[in-house]
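Source file structure_7.txt; content: compact mmCIF, C-alpha atoms and all ligand atoms.
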# COMPACT_ATOMS: atom_id res chain seq x y z
CA MET N 27 23.69 28.19 -27.40
CA LYS N 28 20.98 25.80 -28.60
CA ALA N 29 18.08 24.82 -26.32
CA LEU N 30 14.88 22.81 -26.77
CA SER N 31 11.93 24.72 -25.36
CA VAL N 32 8.13 24.69 -25.35
CA VAL N 33 5.26 27.04 -24.64
CA PRO N 34 3.64 25.09 -21.79
CA LEU N 35 0.06 23.94 -22.38
CA GLN N 36 0.46 24.55 -26.12
CA ALA N 37 0.78 21.33 -28.12
CA GLY N 38 3.21 21.45 -31.04
CA SER N 39 5.10 24.46 -29.64
CA ALA N 40 8.44 22.67 -29.11
CA ALA N 41 11.37 24.23 -30.96
CA LEU N 42 15.15 24.03 -30.98
CA THR N 43 16.26 27.66 -30.82
CA ASP N 44 19.27 29.82 -29.99
CA MET N 45 19.31 31.40 -26.59
CA GLU N 46 21.63 33.43 -24.37
CA GLU N 47 24.36 31.67 -22.37
CA PRO N 48 23.09 30.70 -18.88
CA PRO N 49 23.06 33.71 -16.52
CA VAL N 50 25.81 33.78 -13.86
CA GLY N 51 23.01 34.34 -11.32
CA ASP N 52 21.95 30.68 -11.82
CA GLY N 53 25.05 29.53 -9.91
CA PRO N 54 28.84 29.34 -9.96
CA ILE N 55 29.02 25.87 -11.55
CA LEU N 56 28.95 25.82 -15.35
CA VAL N 57 28.01 22.48 -16.89
CA GLU N 58 27.95 21.31 -20.51
CA THR N 59 24.98 19.03 -21.03
CA LEU N 60 25.89 15.68 -22.54
CA ALA N 61 22.58 13.84 -22.56
CA VAL N 62 18.97 14.20 -21.43
CA GLY N 63 16.49 11.36 -20.95
CA ILE N 64 12.91 11.67 -22.20
CA CYS N 65 10.14 10.41 -19.93
CA GLY N 66 6.34 10.37 -19.76
CA THR N 67 6.30 13.80 -18.11
CA ASP N 68 8.18 15.32 -21.08
CA ILE N 69 5.74 13.71 -23.50
CA GLU N 70 2.86 15.20 -21.46
CA ILE N 71 4.50 18.64 -21.55
CA LEU N 72 5.09 18.33 -25.30
CA SER N 73 1.46 17.35 -25.82
CA GLY N 74 0.33 20.55 -24.06
CA ALA N 75 -1.09 18.80 -20.99
CA TYR N 76 1.44 19.81 -18.29
CA GLY N 77 4.20 22.33 -17.51
CA TRP N 78 4.60 25.95 -16.40
CA SER N 79 6.94 28.58 -17.89
CA PRO N 80 9.19 30.72 -15.67
CA PRO N 81 7.48 33.90 -14.38
CA GLY N 82 7.31 36.59 -17.06
CA ARG N 83 8.43 34.23 -19.82
CA GLU N 84 6.53 32.46 -22.56
CA ARG N 85 8.85 29.48 -23.11
CA LEU N 86 10.22 26.80 -20.79
CA VAL N 87 13.44 24.92 -21.59
CA LEU N 88 12.66 21.19 -21.35
CA GLY N 89 14.74 18.42 -19.79
CA HIS N 90 14.88 17.13 -16.23
CA GLU N 91 16.76 13.81 -16.60
CA SER N 92 20.22 15.17 -17.24
CA LEU N 93 23.87 14.22 -17.45
CA GLY N 94 26.57 16.83 -17.86
CA ARG N 95 30.28 17.53 -17.51
CA VAL N 96 31.48 20.39 -15.32
CA LEU N 97 33.28 23.11 -17.28
CA ASP N 98 33.87 25.53 -14.43
CA ALA N 99 33.42 25.39 -10.65
CA PRO N 100 34.72 27.35 -7.64
CA GLY N 101 38.13 26.02 -6.55
CA ASP N 102 37.19 25.24 -2.94
CA GLY N 103 34.09 23.07 -3.51
CA PRO N 104 33.44 19.34 -3.86
CA ILE N 105 32.67 19.68 -7.58
CA ALA N 106 35.57 20.15 -10.02
CA PRO N 107 35.90 20.73 -13.76
CA GLY N 108 35.67 17.42 -15.61
CA ASP N 109 33.28 15.80 -13.09
CA LEU N 110 30.23 14.03 -14.51
CA VAL N 111 27.16 15.43 -12.77
CA VAL N 112 23.38 15.32 -12.67
CA GLY N 113 21.22 18.30 -11.73
CA ILE N 114 18.48 17.82 -9.12
CA VAL N 115 14.99 18.55 -10.51
CA ARG N 116 13.06 20.26 -7.70
CA ARG N 117 13.85 23.50 -5.84
CA PRO N 118 12.32 24.30 -2.44
CA ASP N 119 9.47 26.79 -2.28
CA PRO N 120 10.47 30.36 -1.29
CA VAL N 121 8.33 30.53 1.88
CA PRO N 122 9.63 27.86 2.77
CA CYS N 123 7.12 25.30 4.04
CA THR N 124 8.16 23.07 6.94
CA SER N 125 9.31 20.30 4.57
CA CYS N 126 11.27 22.53 2.18
CA ALA N 127 12.85 24.23 5.24
CA VAL N 128 14.54 20.92 6.06
CA LEU N 129 15.42 20.23 2.39
CA GLU N 130 12.67 17.64 1.92
CA TRP N 131 11.35 19.53 -1.10
CA ASP N 132 9.92 16.30 -2.46
CA PHE N 133 7.30 16.67 0.31
CA CYS N 134 6.64 20.38 -0.38
CA ARG N 135 3.40 21.24 1.39
CA ASN N 136 2.31 24.45 -0.33
CA GLY N 137 2.88 23.54 -4.00
CA GLN N 138 5.10 26.58 -4.58
CA TYR N 139 8.18 24.46 -5.37
CA THR N 140 9.71 24.78 -8.83
CA GLU N 141 11.06 21.97 -11.02
CA ARG N 142 13.72 22.34 -13.70
CA GLY N 143 12.27 21.52 -17.10
CA ILE N 144 8.75 21.13 -15.69
CA LYS N 145 7.56 23.94 -13.44
CA GLU N 146 8.65 27.59 -13.67
CA HIS N 147 12.38 26.85 -13.98
CA ASP N 148 14.29 26.15 -17.21
CA GLY N 149 15.39 22.56 -17.65
CA TYR N 150 18.67 21.02 -18.69
CA LEU N 151 18.01 20.56 -22.42
CA SER N 152 20.37 23.35 -23.44
CA GLU N 153 24.01 23.07 -24.46
CA ARG N 154 25.12 24.55 -21.14
CA TYR N 155 23.54 25.42 -17.80
CA ARG N 156 24.59 26.95 -14.48
CA ILE N 157 23.75 25.62 -11.07
CA THR N 158 24.59 25.97 -7.36
CA PRO N 159 26.56 23.18 -5.58
CA ASP N 160 23.59 22.07 -3.43
CA PHE N 161 21.69 20.93 -6.51
CA VAL N 162 24.34 18.90 -8.34
CA VAL N 163 25.16 15.27 -7.65
CA LYS N 164 28.37 13.60 -8.81
CA VAL N 165 28.10 10.44 -10.88
CA ASP N 166 30.59 7.56 -10.84
CA PRO N 167 32.74 8.38 -13.93
CA GLN N 168 32.74 4.66 -14.82
CA LEU N 169 29.03 4.99 -15.61
CA GLY N 170 29.64 7.42 -18.48
CA THR N 171 26.39 8.08 -20.37
CA LEU N 172 24.54 5.68 -18.04
CA GLY N 173 24.62 8.50 -15.49
CA VAL N 174 21.59 9.88 -17.35
CA LEU N 175 19.60 7.17 -15.51
CA LEU N 176 20.30 8.82 -12.15
CA GLU N 177 17.18 11.01 -12.00
CA PRO N 178 14.67 8.19 -12.70
CA THR N 179 16.63 6.02 -10.25
CA SER N 180 16.28 8.74 -7.59
CA VAL N 181 12.49 8.51 -7.99
CA VAL N 182 12.55 4.75 -7.30
CA ALA N 183 15.12 5.15 -4.51
CA LYS N 184 12.57 7.39 -2.80
CA ALA N 185 9.77 4.88 -3.43
CA TRP N 186 11.88 2.12 -1.85
CA GLU N 187 12.69 4.37 1.13
CA GLU N 188 8.95 4.85 1.64
CA VAL N 189 8.37 1.09 1.50
CA ASP N 190 11.23 0.37 3.92
CA ARG N 191 10.09 3.01 6.42
CA ILE N 192 6.41 2.07 6.30
CA GLY N 193 7.22 -1.64 6.46
CA GLY N 194 9.30 -0.90 9.56
CA ARG N 195 6.10 0.11 11.44
CA ALA N 196 6.01 -3.53 12.71
CA HIS N 197 8.04 -6.70 12.36
CA TRP N 198 8.96 -6.64 8.66
CA GLU N 199 10.61 -9.44 6.74
CA PRO N 200 9.49 -8.95 3.12
CA ARG N 201 10.31 -11.72 0.66
CA THR N 202 8.42 -11.02 -2.56
CA VAL N 203 7.98 -7.83 -4.55
CA LEU N 204 5.74 -7.21 -7.53
CA VAL N 205 6.62 -4.34 -9.84
CA THR N 206 3.77 -3.40 -12.16
CA GLY N 207 5.01 -1.90 -15.44
CA ALA N 208 8.32 -2.65 -17.17
CA GLY N 209 9.17 0.85 -18.37
CA PRO N 210 12.32 2.60 -17.10
CA ILE N 211 10.82 3.29 -13.65
CA GLY N 212 9.56 -0.30 -13.27
CA LEU N 213 12.85 -1.82 -14.41
CA LEU N 214 14.88 0.44 -12.11
CA ALA N 215 12.50 -0.38 -9.22
CA ALA N 216 13.10 -4.07 -9.99
CA LEU N 217 16.87 -3.48 -9.97
CA LEU N 218 16.66 -1.94 -6.49
CA GLY N 219 14.48 -4.86 -5.34
CA VAL N 220 17.11 -7.35 -6.56
CA GLN N 221 19.80 -5.31 -4.82
CA ARG N 222 17.77 -5.77 -1.60
CA ASN N 223 17.89 -9.56 -2.15
CA LEU N 224 14.12 -9.79 -2.62
CA GLU N 225 12.35 -12.20 -4.96
CA VAL N 226 11.33 -9.78 -7.71
CA HIS N 227 8.41 -10.24 -10.12
CA VAL N 228 7.61 -7.74 -12.89
CA LEU N 229 4.28 -7.60 -14.68
CA ASP N 230 3.64 -5.83 -17.98
CA ARG N 231 1.47 -6.27 -21.09
CA MET N 232 4.23 -7.39 -23.49
CA GLY N 233 4.44 -11.13 -24.16
CA GLU N 234 8.02 -10.98 -25.40
CA GLY N 235 10.73 -8.54 -26.41
CA VAL N 236 13.28 -6.30 -24.73
CA LYS N 237 11.32 -5.80 -21.49
CA PRO N 238 10.84 -9.49 -20.56
CA ASP N 239 14.48 -10.10 -21.55
CA LEU N 240 15.70 -7.29 -19.29
CA VAL N 241 13.61 -8.60 -16.38
CA ARG N 242 15.03 -12.12 -16.77
CA ALA N 243 18.58 -10.80 -17.17
CA LEU N 244 18.16 -9.21 -13.74
CA GLY N 245 17.32 -12.60 -12.22
CA ALA N 246 13.68 -11.57 -11.75
CA THR N 247 10.51 -13.25 -13.06
CA TYR N 248 8.42 -11.72 -15.83
CA HIS N 249 4.62 -12.03 -16.01
CA SER N 250 1.91 -10.75 -18.31
CA GLY N 251 -1.76 -11.19 -17.42
CA ARG N 252 -3.70 -10.59 -14.22
CA ILE N 253 -2.18 -10.10 -10.78
CA GLY N 254 -4.80 -12.43 -9.28
CA ASP N 255 -3.36 -15.26 -11.41
CA LEU N 256 0.23 -14.87 -10.17
CA GLY N 257 -0.20 -17.58 -7.56
CA PHE N 258 1.21 -15.56 -4.66
CA SER N 259 0.42 -12.38 -2.71
CA PRO N 260 3.37 -9.98 -2.81
CA ASP N 261 4.72 -8.37 0.36
CA VAL N 262 5.62 -5.24 -1.58
CA VAL N 263 4.11 -3.71 -4.72
CA ILE N 264 5.81 -0.90 -6.61
CA GLU N 265 3.15 0.39 -9.00
CA CYS N 266 4.62 2.01 -12.11
CA THR N 267 1.76 2.04 -14.65
CA GLY N 268 -0.79 4.53 -13.32
CA VAL N 269 -3.47 2.28 -14.88
CA SER N 270 -6.58 2.09 -12.63
CA SER N 271 -7.40 -1.57 -13.28
CA VAL N 272 -3.80 -2.62 -12.52
CA ILE N 273 -3.73 -0.49 -9.36
CA LEU N 274 -6.95 -2.02 -8.01
CA ASP N 275 -5.89 -5.51 -8.99
CA ALA N 276 -2.65 -4.99 -7.03
CA MET N 277 -4.40 -3.45 -4.00
CA THR N 278 -6.74 -6.42 -3.76
CA ASN N 279 -4.01 -9.05 -4.15
CA ILE N 280 -1.22 -7.69 -1.96
CA GLY N 281 -0.19 -9.89 1.00
CA VAL N 282 -1.10 -9.40 4.66
CA GLY N 283 0.79 -6.43 6.11
CA GLY N 284 1.93 -5.52 2.61
CA VAL N 285 3.13 -2.11 1.46
CA MET N 286 2.22 -0.74 -1.95
CA CYS N 287 3.87 2.36 -3.38
CA LEU N 288 2.22 4.24 -6.25
CA THR N 289 4.66 6.00 -8.60
CA GLY N 290 2.69 6.11 -11.87
CA VAL N 291 0.70 9.25 -12.62
CA SER N 292 -2.75 8.48 -14.03
CA SER N 293 -4.25 10.82 -16.58
CA GLY N 294 -7.62 10.89 -14.78
CA GLY N 295 -11.07 10.90 -16.34
CA HIS N 296 -11.39 7.08 -16.33
CA GLN N 297 -14.04 5.54 -14.15
CA ILE N 298 -14.29 1.88 -13.29
CA ASN N 299 -16.67 -0.04 -11.07
CA PHE N 300 -15.24 -1.72 -8.05
CA ASP N 301 -16.34 -2.94 -4.66
CA GLU N 302 -15.04 -0.22 -2.32
CA GLY N 303 -16.38 -2.03 0.73
CA ALA N 304 -14.46 -5.22 -0.05
CA LEU N 305 -11.29 -3.21 -0.67
CA ASN N 306 -11.67 -1.30 2.60
CA ARG N 307 -12.37 -4.54 4.46
CA SER N 308 -9.27 -6.34 3.17
CA MET N 309 -7.02 -3.30 3.68
CA VAL N 310 -8.14 -2.91 7.30
CA LEU N 311 -8.23 -6.59 8.24
CA GLU N 312 -4.81 -7.16 6.62
CA ASN N 313 -3.00 -3.95 7.69
CA VAL N 314 -2.30 -3.02 4.06
CA ALA N 315 -0.57 0.32 3.45
CA VAL N 316 -0.77 2.20 0.16
CA VAL N 317 1.40 5.28 -0.33
CA GLY N 318 1.95 7.71 -3.19
CA SER N 319 5.47 8.90 -3.98
CA VAL N 320 6.74 11.71 -6.21
CA ASN N 321 10.08 13.35 -6.93
CA ALA N 322 13.24 12.92 -4.84
CA ASN N 323 15.42 14.91 -2.50
CA ARG N 324 19.22 14.92 -2.31
CA ARG N 325 19.33 11.85 -0.05
CA HIS N 326 17.50 9.85 -2.74
CA TYR N 327 19.85 11.03 -5.52
CA GLU N 328 22.78 9.90 -3.41
CA ALA N 329 21.17 6.50 -2.77
CA ALA N 330 20.47 6.25 -6.51
CA ALA N 331 24.10 7.09 -7.37
CA LEU N 332 25.24 4.19 -5.14
CA ALA N 333 22.63 1.82 -6.64
CA LEU N 334 23.74 2.63 -10.21
CA ALA N 335 27.41 2.32 -9.34
CA ALA N 336 26.71 -1.18 -7.91
CA ALA N 337 24.61 -2.31 -10.90
CA ASP N 338 25.74 -4.35 -13.89
CA ARG N 339 26.70 -1.76 -16.51
CA GLU N 340 25.89 -4.04 -19.43
CA TRP N 341 22.33 -4.41 -18.08
CA LEU N 342 21.98 -0.66 -17.51
CA SER N 343 23.17 0.09 -21.03
CA ARG N 344 20.39 -2.13 -22.43
CA LEU N 345 17.84 0.19 -20.78
CA ILE N 346 18.90 2.96 -23.15
CA THR N 347 17.26 1.65 -26.28
CA ARG N 348 17.81 4.75 -28.45
CA ARG N 349 20.22 7.69 -28.52
CA VAL N 350 19.06 10.60 -30.67
CA PRO N 351 21.32 13.57 -31.56
CA LEU N 352 19.90 16.95 -30.47
CA ALA N 353 19.50 18.09 -34.10
CA GLN N 354 17.08 15.16 -34.65
CA TRP N 355 15.18 15.69 -31.38
CA THR N 356 11.76 14.98 -32.92
CA ASP N 357 12.79 11.31 -33.34
CA ALA N 358 13.06 11.04 -29.54
CA LEU N 359 9.35 11.75 -29.09
CA THR N 360 7.99 8.72 -30.90
CA ARG N 361 8.09 5.55 -28.84
CA SER N 362 7.76 1.93 -29.87
CA ASP N 363 6.75 -0.91 -27.55
CA ASP N 364 10.37 -1.99 -27.39
CA ASP N 365 11.68 1.42 -26.36
CA VAL N 366 12.69 1.58 -22.72
CA LYS N 367 14.68 4.81 -22.26
CA VAL N 368 15.28 7.17 -25.18
CA ILE N 369 17.92 9.84 -24.63
CA ILE N 370 18.86 12.98 -26.55
CA GLU N 371 22.60 13.40 -26.92
CA VAL N 372 23.21 17.10 -26.67
CA GLN N 373 26.89 16.87 -27.65
CA PRO N 374 26.98 13.59 -29.65
CA GLU N 375 30.59 14.25 -30.69
CA LYS N 376 31.60 14.36 -27.01
CA ALA N 377 29.59 11.31 -25.95
CA VAL N 378 31.22 9.62 -22.98
CA THR N 379 31.66 5.89 -23.26
CA THR N 380 29.94 3.60 -20.80
C1 LIG B 401 9.90 13.80 -12.37
C2 LIG B 401 9.77 14.28 -10.95
C3 LIG B 401 8.67 15.32 -10.86
C4 LIG B 401 7.37 14.76 -11.42
C5 LIG B 401 6.19 15.72 -11.34
C6 LIG B 401 8.57 13.34 -12.89
O1 LIG B 401 8.70 12.99 -14.24
O2 LIG B 401 10.83 12.73 -12.45
O3 LIG B 401 11.00 14.82 -10.53
O4 LIG B 401 8.49 15.71 -9.52
O5 LIG B 401 7.59 14.37 -12.76
O6 LIG B 401 6.40 16.94 -12.00
Since I need it in another form, could you write the structure as structure tokens?
Amino acid sequence: MKALSVVPLQAGSAALTDMEEPPVGDGPILVETLAVGICGTDIEILSGAYGWSPPGRERLVLGHESLGRVLDAPGDGPIAPGDLVVGIVRRPDPVPCTSCAVLEWDFCRNGQYTERGIKEHDGYLSERYRITPDFVVKVDPQLGTLGVLLEPTSVVAKAWEEVDRIGGRAHWEPRTVLVTGAGPIGLLAALLGVQRNLEVHVLDRMGEGVKPDLVRALGATYHSGRIGDLGFSPDVVIECTGVSSVILDAMTNIGVGGVMCLTGVSSGGHQINFDEGALNRSMVLENVAVVGSVNANRRHYEAAALALAAADREWLSRLITRRVPLAQWTDALTRSDDDVKVIIEVQPEKAVTT
């Protein structure tokens, strides 16, 4: 079968090659991959800046935002042939640490977790893969190809869970949310904010185009410019840019008792001057909480599956701005300002309708 793989930390090493069928040892469920989403992490891996190959191997199969159709599954389980499914990204560490022991691998404490398509475990960008039932999540069949948005939605479902739980430390009646960044993660975070009946504001650099249109179509308000000029102090901030100046701007302008969740990964190496004392003072005197959030466990995938099933499918389909057939995979790696989510269709001739 065909698979797209890289030599981690080696830029330009990506190649579409033939490889063996997935080993039975990977699990009793056999899935044919339909589509895989490309995100910033994939671009980082492709540029040679991130990623780990499986032990004893040179190459890592890419792909962690997947959608597939079950070809074969044990007769007595909850997953049946024909089901549309998504594979979970992270696997618990083998020790396991106290978090992985209770299946909260997204909080792995010793760093020995593995991640499909990212860290020491082949991803889903192959024509077929095998998996065990605990790591597959069923997708509402009505979603069709839109099910490929489940993994990024699981990441924001976790971020929202963090915000809800931390907000619940005291009386908590949030009204306004600011999402910084209108990429796929930002737009999905905005969707979940709207689903919580909050007044959602999204800030990005673009003056016009697909992103502002998508924000408005959600019933949210779009802004470009500085957070200090918004005219209000948000109760919640979901930070999806990883850009230092935006992060600090948001930390200084969040409302009293506000909760800010960081989801964007900064590249590091940038230094900016800021008044640490003033930041500390306002965070303490205003009970501000800032939390980082990565990855997602099964509970978050399930919350994400419900959120997608409840969303407007026409709006979701506008998030997928390009669909590239596997044979033309290199086209999926270039991004324009108007690209939101680019997906690779692994079996274009079998594409499921949305
Ligand atoms: C993935 C997460 C993963 C993180 C760090 C993200 O792109 O969505 O599942 O934990 O990268 O590797």
* To do: Excluding Pro34 of chain N and residues on its chain fewer than 4 positions from it, collect all residues at most 12 Å away from it, counting only C-alpha atoms, and give them as a PyMOL selection string.
  => chain N and resi 38-40+68-80+83-88+143-148
* Structure fact -> Separating atom CA of Ser271 of chain N from atom CA of Asp255 of chain N, to the nearest tenth of an Å, is a gap of 14.4 Å
* Between N:Leu175, N:Leu256, N:Val317, N:Ala304, which has the minimum distance to ligand LIG 401 (chain B) (counting all atoms listed in the file)? ->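 Closest residue, counting all atoms listed in the file: N:Leu175.
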* Asked: atom CA of Gly219 of chain N to atom CA of Trp186 of chain N: how many Å, to one decimal?
  ->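 Atom CA of Trp186 of chain N lies at a distance of 8.2 Å from atom CA of Gly219 of chain N.
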* Excluding Leu176 of chain N and any residue of its chain fewer than 4 positions from it, enumerate the residues within 9 Å of it, using all atoms listed in the file, and give them as a ChimeraX atom specification. => /N:91-93,112,165,172,180-181,327,330-331,334
Protein and nucleic acid residues within 6 Å of ligand LIG 401 (chain B) (all atoms listed in the file) as a short mmCIF file (atom, residue, chain, number, x, y, z; two decimals) with C-alpha atoms, in the coordinates of the input:
data_model
loop_
_atom_site.label_atom_id
_atom_site.label_comp_id
_atom_site.auth_asym_id
_atom_site.auth_seq_id
_atom_site.Cartn_x
_atom_site.Cartn_y
_atom_site.Cartn_z
CA THR N 67 6.30 13.80 -18.11
CA VAL N 115 14.99 18.55 -10.51
CA PRO N 178 14.67 8.19 -12.70
CA VAL N 320 6.74 11.71 -6.21
CA ASN N 321 10.08 13.35 -6.93
#
* Identify which of the residues N:Val262, N:Leu217, N:Leu169, N:Asn136 lies closest to Arg201 of chain N, counting all atoms listed in the file when measuring atom-to-atom distances. => N:Val262
* Provide the atom CA of Asp109 of chain N to atom CA of Pro159 of chain N distance in Å, to one decimal place. =>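 The value is 12.5 Å.
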* To do: Counting all atoms listed in the file, note down every residue that has an atom within 10 Å of the point (17.3, -10.9, -3.6) (file coordinates), as a list of chain:residue names.
  =>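 Protein, DNA and RNA residues close to (17.3, -10.9, -3.6): N:Arg201, N:Thr202, N:Val203, N:Leu217, N:Leu218, N:Gly219, N:Val220, N:Gln221, N:Arg222, N:Asn223, N:Leu224, N:Glu225, N:Val226, N:Gly245, N:Ala246.
Excluding Arg242 of chain N and any residue on its chain fewer than 2 positions from it, the residues at most 12 Å away by all atoms listed in the file are Ala208, Leu213, Ala216, Leu217, Val220, Val226, His227, Val228, Leu229, Glu234, Gly235, Val236, Lys237, Pro238, Asp239, Leu240, Leu244, Gly245, Ala246, Thr247, Tyr248, His249 and Trp341 of chain N.
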* To do: Can you work out which one of N:Arg156, N:Cys123, N:Val96, N:Met232 has the shortest atom-to-atom distance to Val50 of chain N, counting only C-alpha atoms?
  =>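 Among the listed residues, the smallest separation from Val50 of chain N belongs to N:Arg156.
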* Structure fact -> Counting all atoms listed in the file, closest pick from N:Ile192, N:Val368, N:Met45, N:Ala243 relative to Gly318 of chain N is N:Ile192
